[in-house]
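Next up, input-v1.cif (mmCIF, C-alpha atoms):
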data_query
#
loop_
_atom_site.group_PDB
_atom_site.id
_atom_site.type_symbol
_atom_site.label_atom_id
_atom_site.label_comp_id
_atom_site.auth_asym_id
_atom_site.auth_seq_id
_atom_site.Cartn_x
_atom_site.Cartn_y
_atom_site.Cartn_z
ATOM 1 C CA MET C 184 0.000 0.000 0.000
ATOM 2 C CA GLY C 185 1.231 3.486 -0.769
ATOM 3 C CA HIS C 186 1.516 6.109 1.896
ATOM 4 C CA ASP C 187 -0.772 9.039 1.124
ATOM 5 C CA HIS C 188 0.197 12.244 2.806
ATOM 6 C CA SER C 189 -0.606 15.776 1.791
ATOM 7 C CA HIS C 190 1.003 18.975 2.965
ATOM 8 C CA SER C 191 -0.429 22.334 2.031
ATOM 9 C CA HIS C 192 -0.191 26.015 2.755
ATOM 10 C CA GLY C 193 -3.654 27.457 2.336
ATOM 11 C CA ILE C 194 -4.294 30.768 0.651
ATOM 12 C CA SER C 195 -7.446 32.579 1.638
ATOM 13 C CA ALA C 196 -9.766 34.124 -0.918
ATOM 14 C CA THR C 197 -8.919 37.567 0.389
ATOM 15 C CA GLY C 198 -5.385 37.023 -0.894
ATOM 16 C CA THR C 199 -6.365 37.058 -4.557
ATOM 17 C CA GLY C 200 -4.615 39.558 -6.777
ATOM 18 C CA THR C 201 -7.638 41.732 -7.448
ATOM 19 C CA ALA C 202 -8.839 41.860 -3.839
ATOM 20 C CA LYS C 203 -5.519 43.260 -2.658
ATOM 21 C CA HIS C 204 -5.880 46.256 -4.974
ATOM 22 C CA ARG C 205 -9.593 46.977 -4.606
ATOM 23 C CA LYS C 206 -9.042 50.604 -3.553
ATOM 24 C CA ARG C 207 -6.949 51.301 -6.658
ATOM 25 C CA LEU C 208 -9.701 49.915 -8.872
ATOM 26 C CA ILE C 209 -12.370 51.986 -7.116
ATOM 27 C CA ALA C 210 -10.304 55.154 -7.662
ATOM 28 C CA VAL C 211 -9.827 54.347 -11.353
ATOM 29 C CA LEU C 212 -13.525 53.535 -11.753
ATOM 30 C CA SER C 213 -14.523 56.915 -10.287
ATOM 31 C CA ILE C 214 -12.103 58.829 -12.522
ATOM 32 C CA THR C 215 -13.155 56.904 -15.627
ATOM 33 C CA LEU C 216 -16.882 57.415 -15.113
ATOM 34 C CA ALA C 217 -16.413 61.150 -14.606
ATOM 35 C CA VAL C 218 -14.428 61.457 -17.853
ATOM 36 C CA VAL C 219 -16.956 59.306 -19.763
ATOM 37 C CA LEU C 220 -19.706 61.761 -18.892
ATOM 38 C CA VAL C 221 -17.585 64.705 -20.051
ATOM 39 C CA GLN C 222 -16.610 62.979 -23.302
ATOM 40 C CA ILE C 223 -20.147 61.885 -24.163
ATOM 41 C CA LEU C 224 -21.330 65.437 -23.642
ATOM 42 C CA GLY C 225 -18.389 66.718 -25.675
ATOM 43 C CA ALA C 226 -19.090 64.265 -28.496
ATOM 44 C CA ALA C 227 -22.747 65.298 -28.597
ATOM 45 C CA ILE C 228 -21.807 68.989 -28.847
ATOM 46 C CA SER C 229 -18.863 68.608 -31.243
ATOM 47 C CA GLY C 230 -20.181 65.789 -33.442
ATOM 48 C CA SER C 231 -16.871 63.905 -33.120
ATOM 49 C CA LEU C 232 -17.057 60.147 -33.727
ATOM 50 C CA ALA C 233 -13.494 59.746 -32.452
ATOM 51 C CA LEU C 234 -14.433 61.376 -29.149
ATOM 52 C CA LEU C 235 -17.564 59.234 -28.914
ATOM 53 C CA ALA C 236 -15.445 56.149 -29.676
ATOM 54 C CA ASP C 237 -13.032 57.107 -26.929
ATOM 55 C CA ALA C 238 -15.952 57.635 -24.549
ATOM 56 C CA GLY C 239 -17.397 54.252 -25.507
ATOM 57 C CA HIS C 240 -14.054 52.616 -24.945
ATOM 58 C CA MET C 241 -13.707 54.254 -21.532
ATOM 59 C CA LEU C 242 -17.262 53.233 -20.659
ATOM 60 C CA SER C 243 -16.407 49.612 -21.482
ATOM 61 C CA ASP C 244 -13.321 49.979 -19.296
ATOM 62 C CA ALA C 245 -15.458 51.296 -16.445
ATOM 63 C CA ALA C 246 -17.785 48.335 -16.857
ATOM 64 C CA GLY C 247 -14.793 46.008 -16.854
ATOM 65 C CA VAL C 248 -13.411 47.511 -13.650
ATOM 66 C CA PHE C 249 -16.853 47.248 -12.027
ATOM 67 C CA ILE C 250 -17.048 43.585 -13.036
ATOM 68 C CA ALA C 251 -13.557 43.022 -11.617
ATOM 69 C CA LEU C 252 -14.556 44.615 -8.313
ATOM 70 C CA LEU C 253 -17.734 42.555 -8.185
ATOM 71 C CA ALA C 254 -15.767 39.401 -8.948
ATOM 72 C CA ALA C 255 -13.210 40.256 -6.241
ATOM 73 C CA TRP C 256 -16.060 40.508 -3.733
ATOM 74 C CA ILE C 257 -17.567 37.222 -4.923
ATOM 75 C CA ALA C 258 -14.139 35.575 -4.673
ATOM 76 C CA THR C 259 -14.002 36.310 -0.937
ATOM 77 C CA ARG C 260 -16.970 34.041 -0.279
ATOM 78 C CA PRO C 261 -15.820 30.994 1.715
ATOM 79 C CA ALA C 262 -15.155 27.584 0.240
ATOM 80 C CA SER C 263 -17.730 24.834 0.657
ATOM 81 C CA ASP C 264 -18.099 21.124 0.044
ATOM 82 C CA LEU C 265 -19.551 21.922 -3.386
ATOM 83 C CA ARG C 266 -16.877 24.508 -4.269
ATOM 84 C CA THR C 267 -13.703 23.540 -2.458
ATOM 85 C CA TYR C 268 -11.786 26.516 -3.862
ATOM 86 C CA GLY C 269 -14.673 28.876 -3.164
ATOM 87 C CA TYR C 270 -15.418 31.434 -5.878
ATOM 88 C CA GLN C 271 -11.853 32.563 -6.559
ATOM 89 C CA ARG C 272 -12.082 31.784 -10.261
ATOM 90 C CA ALA C 273 -14.886 34.360 -10.591
ATOM 91 C CA GLU C 274 -12.069 36.878 -11.138
ATOM 92 C CA VAL C 275 -10.909 34.964 -14.200
ATOM 93 C CA LEU C 276 -14.440 34.839 -15.597
ATOM 94 C CA ALA C 277 -14.660 38.618 -15.111
ATOM 95 C CA ALA C 278 -11.427 39.041 -17.071
ATOM 96 C CA LEU C 279 -12.942 36.878 -19.827
ATOM 97 C CA ALA C 280 -15.995 39.150 -19.937
ATOM 98 C CA ASN C 281 -13.663 42.147 -20.138
ATOM 99 C CA ALA C 282 -11.855 40.745 -23.153
ATOM 100 C CA LEU C 283 -15.075 39.913 -24.998
ATOM 101 C CA VAL C 284 -16.558 43.375 -24.315
ATOM 102 C CA LEU C 285 -13.404 45.006 -25.692
ATOM 103 C CA ILE C 286 -13.704 42.997 -28.911
ATOM 104 C CA VAL C 287 -17.382 43.952 -29.360
ATOM 105 C CA ILE C 288 -16.650 47.660 -28.749
ATOM 106 C CA SER C 289 -13.835 47.557 -31.292
ATOM 107 C CA VAL C 290 -16.054 46.037 -33.985
ATOM 108 C CA VAL C 291 -18.886 48.532 -33.357
ATOM 109 C CA ILE C 292 -16.543 51.546 -33.532
ATOM 110 C CA PHE C 293 -14.840 50.338 -36.693
ATOM 111 C CA THR C 294 -18.163 49.596 -38.406
ATOM 112 C CA GLU C 295 -19.487 53.093 -37.656
ATOM 113 C CA ALA C 296 -16.221 54.634 -38.905
ATOM 114 C CA VAL C 297 -16.504 52.740 -42.197
ATOM 115 C CA ARG C 298 -20.099 53.932 -42.549
ATOM 116 C CA ARG C 299 -18.924 57.549 -42.219
ATOM 117 C CA ILE C 300 -16.265 57.312 -44.930
ATOM 118 C CA GLY C 301 -17.004 59.890 -47.605
ATOM 119 C CA SER C 302 -19.644 61.662 -45.533
ATOM 120 C CA ALA C 303 -17.812 62.893 -42.446
ATOM 121 C CA PRO C 304 -19.834 65.633 -40.704
ATOM 122 C CA GLU C 305 -18.260 68.911 -39.628
ATOM 123 C CA VAL C 306 -16.715 68.735 -36.174
ATOM 124 C CA GLN C 307 -16.394 71.483 -33.532
ATOM 125 C CA THR C 308 -12.728 71.025 -32.785
ATOM 126 C CA ASP C 309 -12.470 73.234 -29.686
ATOM 127 C CA VAL C 310 -14.896 71.119 -27.633
ATOM 128 C CA MET C 311 -13.378 67.960 -29.091
ATOM 129 C CA LEU C 312 -9.861 69.051 -28.111
ATOM 130 C CA TYR C 313 -10.744 70.115 -24.557
ATOM 131 C CA ALA C 314 -12.567 66.850 -23.832
ATOM 132 C CA ALA C 315 -9.730 64.764 -25.293
ATOM 133 C CA VAL C 316 -7.082 66.580 -23.228
ATOM 134 C CA LEU C 317 -9.139 66.032 -20.076
ATOM 135 C CA GLY C 318 -9.425 62.343 -20.956
ATOM 136 C CA ALA C 319 -5.664 62.061 -21.496
ATOM 137 C CA ILE C 320 -4.909 63.616 -18.104
ATOM 138 C CA ALA C 321 -7.398 61.343 -16.338
ATOM 139 C CA ASN C 322 -6.006 58.264 -18.065
ATOM 140 C CA LEU C 323 -2.470 59.190 -17.095
ATOM 141 C CA VAL C 324 -3.514 59.493 -13.448
ATOM 142 C CA SER C 325 -5.269 56.108 -13.623
ATOM 143 C CA LEU C 326 -2.178 54.501 -15.161
ATOM 144 C CA LEU C 327 -0.037 55.736 -12.289
ATOM 145 C CA ILE C 328 -2.565 54.333 -9.794
ATOM 146 C CA LEU C 329 -2.563 50.865 -11.414
ATOM 147 C CA ARG C 330 1.073 50.606 -12.487
ATOM 148 C CA GLY C 331 2.374 49.013 -9.294
ATOM 149 C CA ALA C 332 -0.418 46.410 -9.108
ATOM 150 C CA GLN C 333 -0.926 45.305 -12.713
ATOM 151 C CA LYS C 334 1.508 42.359 -12.474
ATOM 152 C CA GLU C 335 -0.373 40.722 -9.604
ATOM 153 C CA SER C 336 -3.851 40.226 -11.079
ATOM 154 C CA LEU C 337 -5.355 39.491 -14.480
ATOM 155 C CA ASN C 338 -8.193 41.882 -13.733
ATOM 156 C CA VAL C 339 -5.912 44.706 -12.607
ATOM 157 C CA ARG C 340 -3.724 44.039 -15.630
ATOM 158 C CA GLY C 341 -6.789 44.135 -17.847
ATOM 159 C CA ALA C 342 -7.797 47.480 -16.345
ATOM 160 C CA TYR C 343 -4.240 48.787 -16.779
ATOM 161 C CA LEU C 344 -4.125 47.774 -20.444
ATOM 162 C CA GLU C 345 -7.540 49.276 -21.054
ATOM 163 C CA VAL C 346 -6.519 52.598 -19.487
ATOM 164 C CA LEU C 347 -3.324 52.537 -21.557
ATOM 165 C CA GLY C 348 -5.434 52.077 -24.654
ATOM 166 C CA ASP C 349 -7.665 54.939 -23.537
ATOM 167 C CA LEU C 350 -4.602 57.170 -23.165
ATOM 168 C CA LEU C 351 -3.472 56.323 -26.692
ATOM 169 C CA GLY C 352 -7.040 56.868 -27.875
ATOM 170 C CA SER C 353 -7.105 60.310 -26.268
ATOM 171 C CA PHE C 354 -3.858 61.158 -28.054
ATOM 172 C CA ALA C 355 -5.447 60.050 -31.327
ATOM 173 C CA VAL C 356 -8.446 62.329 -30.707
ATOM 174 C CA ILE C 357 -6.136 65.237 -29.827
ATOM 175 C CA ALA C 358 -4.155 64.661 -33.010
ATOM 176 C CA ALA C 359 -7.357 64.542 -35.087
ATOM 177 C CA ALA C 360 -8.626 67.771 -33.531
ATOM 178 C CA VAL C 361 -5.331 69.551 -34.263
ATOM 179 C CA VAL C 362 -5.321 68.298 -37.883
ATOM 180 C CA ILE C 363 -8.894 69.516 -38.443
ATOM 181 C CA MET C 364 -8.131 72.883 -36.835
ATOM 182 C CA VAL C 365 -5.010 73.402 -38.974
ATOM 183 C CA THR C 366 -6.034 71.862 -42.303
ATOM 184 C CA GLY C 367 -9.846 71.543 -42.204
ATOM 185 C CA PHE C 368 -9.507 67.832 -43.058
ATOM 186 C CA GLN C 369 -12.737 66.564 -41.446
ATOM 187 C CA ALA C 370 -12.016 62.903 -42.270
ATOM 188 C CA ALA C 371 -9.281 62.986 -39.620
ATOM 189 C CA ASP C 372 -11.996 62.378 -37.036
ATOM 190 C CA THR C 373 -13.151 59.211 -38.810
ATOM 191 C CA ILE C 374 -9.579 58.002 -39.239
ATOM 192 C CA ALA C 375 -8.854 58.566 -35.542
ATOM 193 C CA SER C 376 -11.917 56.527 -34.559
ATOM 194 C CA MET C 377 -10.700 53.656 -36.758
ATOM 195 C CA VAL C 378 -7.249 53.856 -35.163
ATOM 196 C CA ILE C 379 -8.826 53.615 -31.705
ATOM 197 C CA ALA C 380 -10.828 50.554 -32.771
ATOM 198 C CA VAL C 381 -7.719 48.842 -34.150
ATOM 199 C CA MET C 382 -5.734 49.597 -30.973
ATOM 200 C CA ILE C 383 -8.296 47.822 -28.812
ATOM 201 C CA LEU C 384 -8.038 44.410 -30.505
ATOM 202 C CA PRO C 385 -4.428 43.392 -29.648
ATOM 203 C CA ARG C 386 -4.984 44.208 -25.965
ATOM 204 C CA ALA C 387 -8.215 42.243 -25.917
ATOM 205 C CA TRP C 388 -6.461 39.291 -27.580
ATOM 206 C CA HIS C 389 -3.588 39.207 -25.062
ATOM 207 C CA LEU C 390 -5.996 39.362 -22.124
ATOM 208 C CA LEU C 391 -8.173 36.639 -23.668
ATOM 209 C CA ARG C 392 -5.106 34.427 -24.208
ATOM 210 C CA ASP C 393 -4.050 34.783 -20.546
ATOM 211 C CA VAL C 394 -7.568 33.955 -19.372
ATOM 212 C CA VAL C 395 -7.687 30.850 -21.572
ATOM 213 C CA ASP C 396 -4.334 29.717 -20.128
ATOM 214 C CA VAL C 397 -5.805 29.882 -16.612
ATOM 215 C CA LEU C 398 -9.024 28.109 -17.613
ATOM 216 C CA LEU C 399 -7.020 25.375 -19.373
ATOM 217 C CA GLU C 400 -4.861 25.089 -16.230
ATOM 218 C CA ALA C 401 -1.633 25.804 -18.083
ATOM 219 C CA THR C 402 1.631 26.015 -16.150
ATOM 220 C CA PRO C 403 1.969 29.554 -14.724
ATOM 221 C CA LYS C 404 4.318 31.861 -16.591
ATOM 222 C CA GLY C 405 7.811 31.941 -15.161
ATOM 223 C CA VAL C 406 7.576 28.430 -13.679
ATOM 224 C CA GLU C 407 9.730 25.761 -15.340
ATOM 225 C CA VAL C 408 8.553 22.240 -14.565
ATOM 226 C CA GLN C 409 12.035 20.798 -15.073
ATOM 227 C CA MET C 410 13.474 23.133 -12.447
ATOM 228 C CA VAL C 411 10.702 22.171 -10.027
ATOM 229 C CA ARG C 412 11.444 18.505 -10.684
ATOM 230 C CA GLU C 413 15.165 19.007 -10.051
ATOM 231 C CA HIS C 414 14.468 20.863 -6.816
ATOM 232 C CA ILE C 415 12.259 18.041 -5.525
ATOM 233 C CA LEU C 416 14.855 15.417 -6.448
ATOM 234 C CA SER C 417 17.498 17.360 -4.518
ATOM 235 C CA VAL C 418 15.699 16.714 -1.213
ATOM 236 C CA ASP C 419 17.343 13.957 0.879
ATOM 237 C CA GLY C 420 15.416 10.707 0.742
ATOM 238 C CA VAL C 421 13.582 11.472 -2.519
ATOM 239 C CA VAL C 422 14.092 8.829 -5.203
ATOM 240 C CA SER C 423 11.878 10.104 -8.029
ATOM 241 C CA VAL C 424 8.833 12.248 -8.757
ATOM 242 C CA HIS C 425 5.946 11.875 -11.200
ATOM 243 C CA ASP C 426 2.466 13.226 -11.926
ATOM 244 C CA ILE C 427 3.595 16.818 -11.467
ATOM 245 C CA HIS C 428 0.776 19.338 -11.960
ATOM 246 C CA ILE C 429 1.142 23.115 -11.663
ATOM 247 C CA TRP C 430 -1.772 25.402 -12.440
ATOM 248 C CA THR C 431 -3.482 28.607 -11.329
ATOM 249 C CA ILE C 432 -6.851 28.944 -9.601
ATOM 250 C CA THR C 433 -6.878 32.717 -10.131
ATOM 251 C CA SER C 434 -4.347 35.535 -10.183
ATOM 252 C CA GLY C 435 -1.984 35.183 -7.240
ATOM 253 C CA VAL C 436 -3.114 31.638 -6.339
ATOM 254 C CA PRO C 437 -0.835 29.043 -7.985
ATOM 255 C CA VAL C 438 -1.323 25.382 -7.028
ATOM 256 C CA PHE C 439 1.057 22.425 -7.147
ATOM 257 C CA SER C 440 0.674 18.672 -6.722
ATOM 258 C CA ALA C 441 2.987 15.709 -7.276
ATOM 259 C CA HIS C 442 3.608 12.057 -6.407
ATOM 260 C CA VAL C 443 6.994 11.785 -4.710
ATOM 261 C CA VAL C 444 8.734 8.413 -4.382
ATOM 262 C CA VAL C 445 10.938 8.250 -1.283
ATOM 263 C CA GLU C 446 13.172 5.680 0.392
ATOM 264 C CA ASP C 447 11.169 3.288 2.559
ATOM 265 C CA ALA C 448 13.101 4.333 5.662
ATOM 266 C CA VAL C 449 11.905 7.928 5.236
ATOM 267 C CA LEU C 450 8.293 7.037 5.878
ATOM 268 C CA SER C 451 8.458 7.175 9.618
ATOM 269 C CA ALA C 452 6.237 9.909 11.069
ATOM 270 C CA ARG C 453 9.180 12.199 11.759
ATOM 271 C CA GLY C 454 10.990 11.469 8.496
ATOM 272 C CA ALA C 455 7.895 12.062 6.366
ATOM 273 C CA ASP C 456 7.204 15.383 8.051
ATOM 274 C CA GLN C 457 10.775 16.539 7.475
ATOM 275 C CA VAL C 458 10.622 15.647 3.774
ATOM 276 C CA LEU C 459 7.245 17.357 3.359
ATOM 277 C CA ASP C 460 8.474 20.501 5.103
ATOM 278 C CA LYS C 461 11.550 20.688 2.875
ATOM 279 C CA LEU C 462 9.485 20.119 -0.266
ATOM 280 C CA ALA C 463 6.808 22.701 0.586
ATOM 281 C CA THR C 464 9.252 25.313 1.897
ATOM 282 C CA GLY C 465 11.454 24.952 -1.159
ATOM 283 C CA LEU C 466 8.595 25.363 -3.615
ATOM 284 C CA GLY C 467 7.136 28.279 -1.672
ATOM 285 C CA SER C 468 10.414 30.207 -1.603
ATOM 286 C CA HIS C 469 11.847 29.301 -5.004
ATOM 287 C CA PHE C 470 8.766 29.030 -7.208
ATOM 288 C CA ASP C 471 6.158 31.199 -5.456
ATOM 289 C CA THR C 472 3.903 28.155 -5.197
ATOM 290 C CA GLU C 473 2.631 28.026 -1.629
ATOM 291 C CA HIS C 474 -0.406 25.774 -2.050
ATOM 292 C CA CYS C 475 1.354 22.415 -2.411
ATOM 293 C CA THR C 476 0.044 18.857 -2.180
ATOM 294 C CA PHE C 477 2.421 15.889 -2.149
ATOM 295 C CA GLN C 478 1.617 12.197 -2.158
ATOM 296 C CA LEU C 479 4.576 10.343 -0.625
ATOM 297 C CA GLU C 480 5.098 6.796 -1.908
ATOM 298 C CA PRO C 481 7.641 4.259 -0.608
ATOM 299 C CA GLU C 482 10.229 3.140 -3.136
ATOM 300 C CA SER C 483 8.972 -0.430 -2.775
ATOM 301 C CA HIS C 484 5.594 0.778 -4.026
ATOM 302 C CA SER C 485 6.967 2.315 -7.234
ATOM 303 C CA GLU C 486 6.596 -0.907 -9.230
ATOM 304 C CA HIS C 487 2.860 -0.930 -8.444
ATOM 305 C CA GLU C 488 2.629 2.724 -9.537
ATOM 306 C CA SER C 489 4.389 1.999 -12.829
ATOM 307 C CA HIS C 490 1.876 -0.762 -13.615
ATOM 308 C CA GLN C 491 -0.991 1.604 -12.882
ATOM 309 C CA HIS C 492 0.348 4.239 -15.319
ATOM 310 C CA ALA C 493 1.297 1.742 -18.032
#

Take the structure in the file and give it back as structure tokens.
Amino acid sequence: MGHDHSHSHGISATGTGTAKHRKRLIAVLSITLAVVLVQILGAAISGSLALLADAGHMLSDAAGVFIALLAAWIATRPASDLRTYGYQRAEVLAALANALVLIVISVVIFTEAVRRIGSAPEVQTDVMLYAAVLGAIANLVSLLILRGAQKESLNVRGAYLEVLGDLLGSFAVIAAAVVIMVTGFQAADTIASMVIAVMILPRAWHLLRDVVDVLLEATPKGVEVQMVREHILSVDGVVSVHDIHIWTITSGVPVFSAHVVVEDAVLSARGADQVLDKLATGLGSHFDTEHCTFQLEPESHSEHESHQHA
């Protein structure tokens, strides 16, 4: 019979990447909504499609941040027998919704821009310019708020990328307003709106790809399975390791499990605990994987294991 023994370091739901930076997201949400109102009003007065596109993009960003905040709250609900990891993956589903919304907004903006080709209406550039400058300033402030947290959560990263796109979009609107003011080339507004639409897609794609990696339980970025294997094998008493699995529940919550074959003499109560402590401590400090589960198997049991996996 094999010796089953697990050793884990739990991570509470409140430790998820998004939950840690809730205040930053609330600040960005407030700034974004205020600018959206100004830009929608400015677009209505000036007739600028580019400004309306930028406002629509910022509105989708605000919705995305709200979803992220809602998901962070849901993720703090305790685990249960039906959901042993609780609702932590709700954050990932929110990031998925973010990516899909970005794609839809991009398509809608681009379609409207194409419809306006050859019939661009006259634009009041002064209102357009003032609203775009205000949007650029607000986006810059939001970027600074999120910059230090965007590497710790898919949702915060999604918000950061969206604000970055908004900043570039504001620059595009400013450029269009200046061109129209200087040259009278009204189509610059339509071109700027198309540029904004095109800028959204790559960011949406990268976010969608990261979300899919989490949902498919891919190995977290920056973790090399071979290095993990070598570290486990370096522990005294370990003979071999198999069935290594490393995945992510949600941002900031990596999980590891493995079957570790050890010398029979190690499987005394004290010896097993020492091996487990060394394994878990090593993974936690070297690979940022604190939630570890190990099944210890005596070397004499390895032949049975090999038949099972044949």

Sorted by chain and rising residue number, which residues of range 391-412 of chain C lie within 8 Å of range 423-437 of chain C, and what are their closest atom pairs and distances in Å to one decimal, counting only C-alpha atoms, as a Markdown table?
| residue | atom | partner | partner_atom | distance |
| --- | --- | --- | --- | --- |
| C:Val397 | CA | C:Thr431 | CA | 5.9 |
| C:Glu400 | CA | C:Trp430 | CA | 4.9 |
| C:Ala401 | CA | C:Trp430 | CA | 5.7 |
| C:Thr402 | CA | C:Trp430 | CA | 5.1 |
| C:Pro403 | CA | C:Trp430 | CA | 6.0 |
| C:Val408 | CA | C:Ile427 | CA | 8.0 |
| C:Arg412 | CA | C:Val424 | CA | 7.0 |

Between CA of Glu482 in chain C and CA of Ala463 in chain C, distance in Å (one decimal):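 Computing the Euclidean distance for CA of Glu482 in chain C and CA of Ala463 in chain C yields 20.2 Å.
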
Between CA of Pro481 in chain C and CA of Phe439 in chain C, distance in Å (one decimal): 20.4 Å

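Take CA of Ser483 in chain C and CA of Gly465 in chain C: the distance between them is 25.6 Å.
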
Surrounding residues of range 319-329 of chain C excluding itself and chain neighbours under 2 positions, 9 Å, all atoms listed in the file, as a PyMOL selection string: chain C and resi 204+207-208+210-212+214-215+218+314-317+331-333+339-340+342-344+346-347+349-354+357

What does the file look like for those residues with C-alpha atoms, as a PDB file, in the coordinates of the input?
ATOM      1  CA  HIS C 204      -5.880  46.256  -4.974  1.00  0.00           C
ATOM      2  CA  ARG C 207      -6.949  51.301  -6.658  1.00  0.00           C
ATOM      3  CA  LEU C 208      -9.701  49.915  -8.872  1.00  0.00           C
ATOM      4  CA  ALA C 210     -10.304  55.154  -7.662  1.00  0.00           C
ATOM      5  CA  VAL C 211      -9.827  54.347 -11.353  1.00  0.00           C
ATOM      6  CA  LEU C 212     -13.525  53.535 -11.753  1.00  0.00           C
ATOM      7  CA  ILE C 214     -12.103  58.829 -12.522  1.00  0.00           C
ATOM      8  CA  THR C 215     -13.155  56.904 -15.627  1.00  0.00           C
ATOM      9  CA  VAL C 218     -14.428  61.457 -17.853  1.00  0.00           C
ATOM     10  CA  ALA C 314     -12.567  66.850 -23.832  1.00  0.00           C
ATOM     11  CA  ALA C 315      -9.730  64.764 -25.293  1.00  0.00           C
ATOM     12  CA  VAL C 316      -7.082  66.580 -23.228  1.00  0.00           C
ATOM     13  CA  LEU C 317      -9.139  66.032 -20.076  1.00  0.00           C
ATOM     14  CA  GLY C 331       2.374  49.013  -9.294  1.00  0.00           C
ATOM     15  CA  ALA C 332      -0.418  46.410  -9.108  1.00  0.00           C
ATOM     16  CA  GLN C 333      -0.926  45.305 -12.713  1.00  0.00           C
ATOM     17  CA  VAL C 339      -5.912  44.706 -12.607  1.00  0.00           C
ATOM     18  CA  ARG C 340      -3.724  44.039 -15.630  1.00  0.00           C
ATOM     19  CA  ALA C 342      -7.797  47.480 -16.345  1.00  0.00           C
ATOM     20  CA  TYR C 343      -4.240  48.787 -16.779  1.00  0.00           C
ATOM     21  CA  LEU C 344      -4.125  47.774 -20.444  1.00  0.00           C
ATOM     22  CA  VAL C 346      -6.519  52.598 -19.487  1.00  0.00           C
ATOM     23  CA  LEU C 347      -3.324  52.537 -21.557  1.00  0.00           C
ATOM     24  CA  ASP C 349      -7.665  54.939 -23.537  1.00  0.00           C
ATOM     25  CA  LEU C 350      -4.602  57.170 -23.165  1.00  0.00           C
ATOM     26  CA  LEU C 351      -3.472  56.323 -26.692  1.00  0.00           C
ATOM     27  CA  GLY C 352      -7.040  56.868 -27.875  1.00  0.00           C
ATOM     28  CA  SER C 353      -7.105  60.310 -26.268  1.00  0.00           C
ATOM     29  CA  PHE C 354      -3.858  61.158 -28.054  1.00  0.00           C
ATOM     30  CA  ILE C 357      -6.136  65.237 -29.827  1.00  0.00           C
TER      31      ILE C 357
END

Pick from C:Pro385, C:Gly230, C:Gly341, C:Gly247 nearest to Met311 in chain C, counting all atoms listed in the file: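 Closest to Met311 in chain C of all the choices is C:Gly230.
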
Edge lengths and centre in Å to one decimal, as JSON, is what I'm after for the box along x, y and z that holds all listed atoms of range 285-292 of chain C once 4 Å is added on each side.
{"center_x": -16.1, "center_y": 47.3, "center_z": -29.8, "size_x": 13.5, "size_y": 16.5, "size_z": 16.3}

Resolved residues for the PyMOL selection byres ((chain C and resi 362) around 12) as a VMD selection string: chain C and resid 306 308 to 309 311 to 312 355 to 361 363 to 372 374 to 375

Could you write out that same residue set with C-alpha atoms as a PDB file, in the frame of the given file?
ATOM      1  CA  VAL C 306     -16.715  68.735 -36.174  1.00  0.00           C
ATOM      2  CA  THR C 308     -12.728  71.025 -32.785  1.00  0.00           C
ATOM      3  CA  ASP C 309     -12.470  73.234 -29.686  1.00  0.00           C
ATOM      4  CA  MET C 311     -13.378  67.960 -29.091  1.00  0.00           C
ATOM      5  CA  LEU C 312      -9.861  69.051 -28.111  1.00  0.00           C
ATOM      6  CA  ALA C 355      -5.447  60.050 -31.327  1.00  0.00           C
ATOM      7  CA  VAL C 356      -8.446  62.329 -30.707  1.00  0.00           C
ATOM      8  CA  ILE C 357      -6.136  65.237 -29.827  1.00  0.00           C
ATOM      9  CA  ALA C 358      -4.155  64.661 -33.010  1.00  0.00           C
ATOM     10  CA  ALA C 359      -7.357  64.542 -35.087  1.00  0.00           C
ATOM     11  CA  ALA C 360      -8.626  67.771 -33.531  1.00  0.00           C
ATOM     12  CA  VAL C 361      -5.331  69.551 -34.263  1.00  0.00           C
ATOM     13  CA  ILE C 363      -8.894  69.516 -38.443  1.00  0.00           C
ATOM     14  CA  MET C 364      -8.131  72.883 -36.835  1.00  0.00           C
ATOM     15  CA  VAL C 365      -5.010  73.402 -38.974  1.00  0.00           C
ATOM     16  CA  THR C 366      -6.034  71.862 -42.303  1.00  0.00           C
ATOM     17  CA  GLY C 367      -9.846  71.543 -42.204  1.00  0.00           C
ATOM     18  CA  PHE C 368      -9.507  67.832 -43.058  1.00  0.00           C
ATOM     19  CA  GLN C 369     -12.737  66.564 -41.446  1.00  0.00           C
ATOM     20  CA  ALA C 370     -12.016  62.903 -42.270  1.00  0.00           C
ATOM     21  CA  ALA C 371      -9.281  62.986 -39.620  1.00  0.00           C
ATOM     22  CA  ASP C 372     -11.996  62.378 -37.036  1.00  0.00           C
ATOM     23  CA  ILE C 374      -9.579  58.002 -39.239  1.00  0.00           C
ATOM     24  CA  ALA C 375      -8.854  58.566 -35.542  1.00  0.00           C
TER      25      ALA C 375
END

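The closest residue to Leu466 in chain C, picked from C:Ser302, C:Ser440, C:Gln478, C:Thr267 and counting only C-alpha atoms, is C:Ser440.
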
Test item: residues at most 9 Å from Ala380 in chain C, only C-alpha atoms, excluding those fewer than 3 positions along its chain, as a PyMOL selection string: chain C and resi 236+240+286+288-293+352+375-377+383-384

For Arg386 in chain C: contacts at 9 Å, all atoms listed in the file, fewer than 5 positions along chain excluded, given as a ChimeraX atom specification: /C:282,285,341,344-345,348,391

Residue IDs satisfying the PyMOL selection byres ((chain C and resi 222-228) around 8), as a PyMOL selection string: chain C and resi 218-221+229-232+234-235+237-238+307+310-311+314-315+318
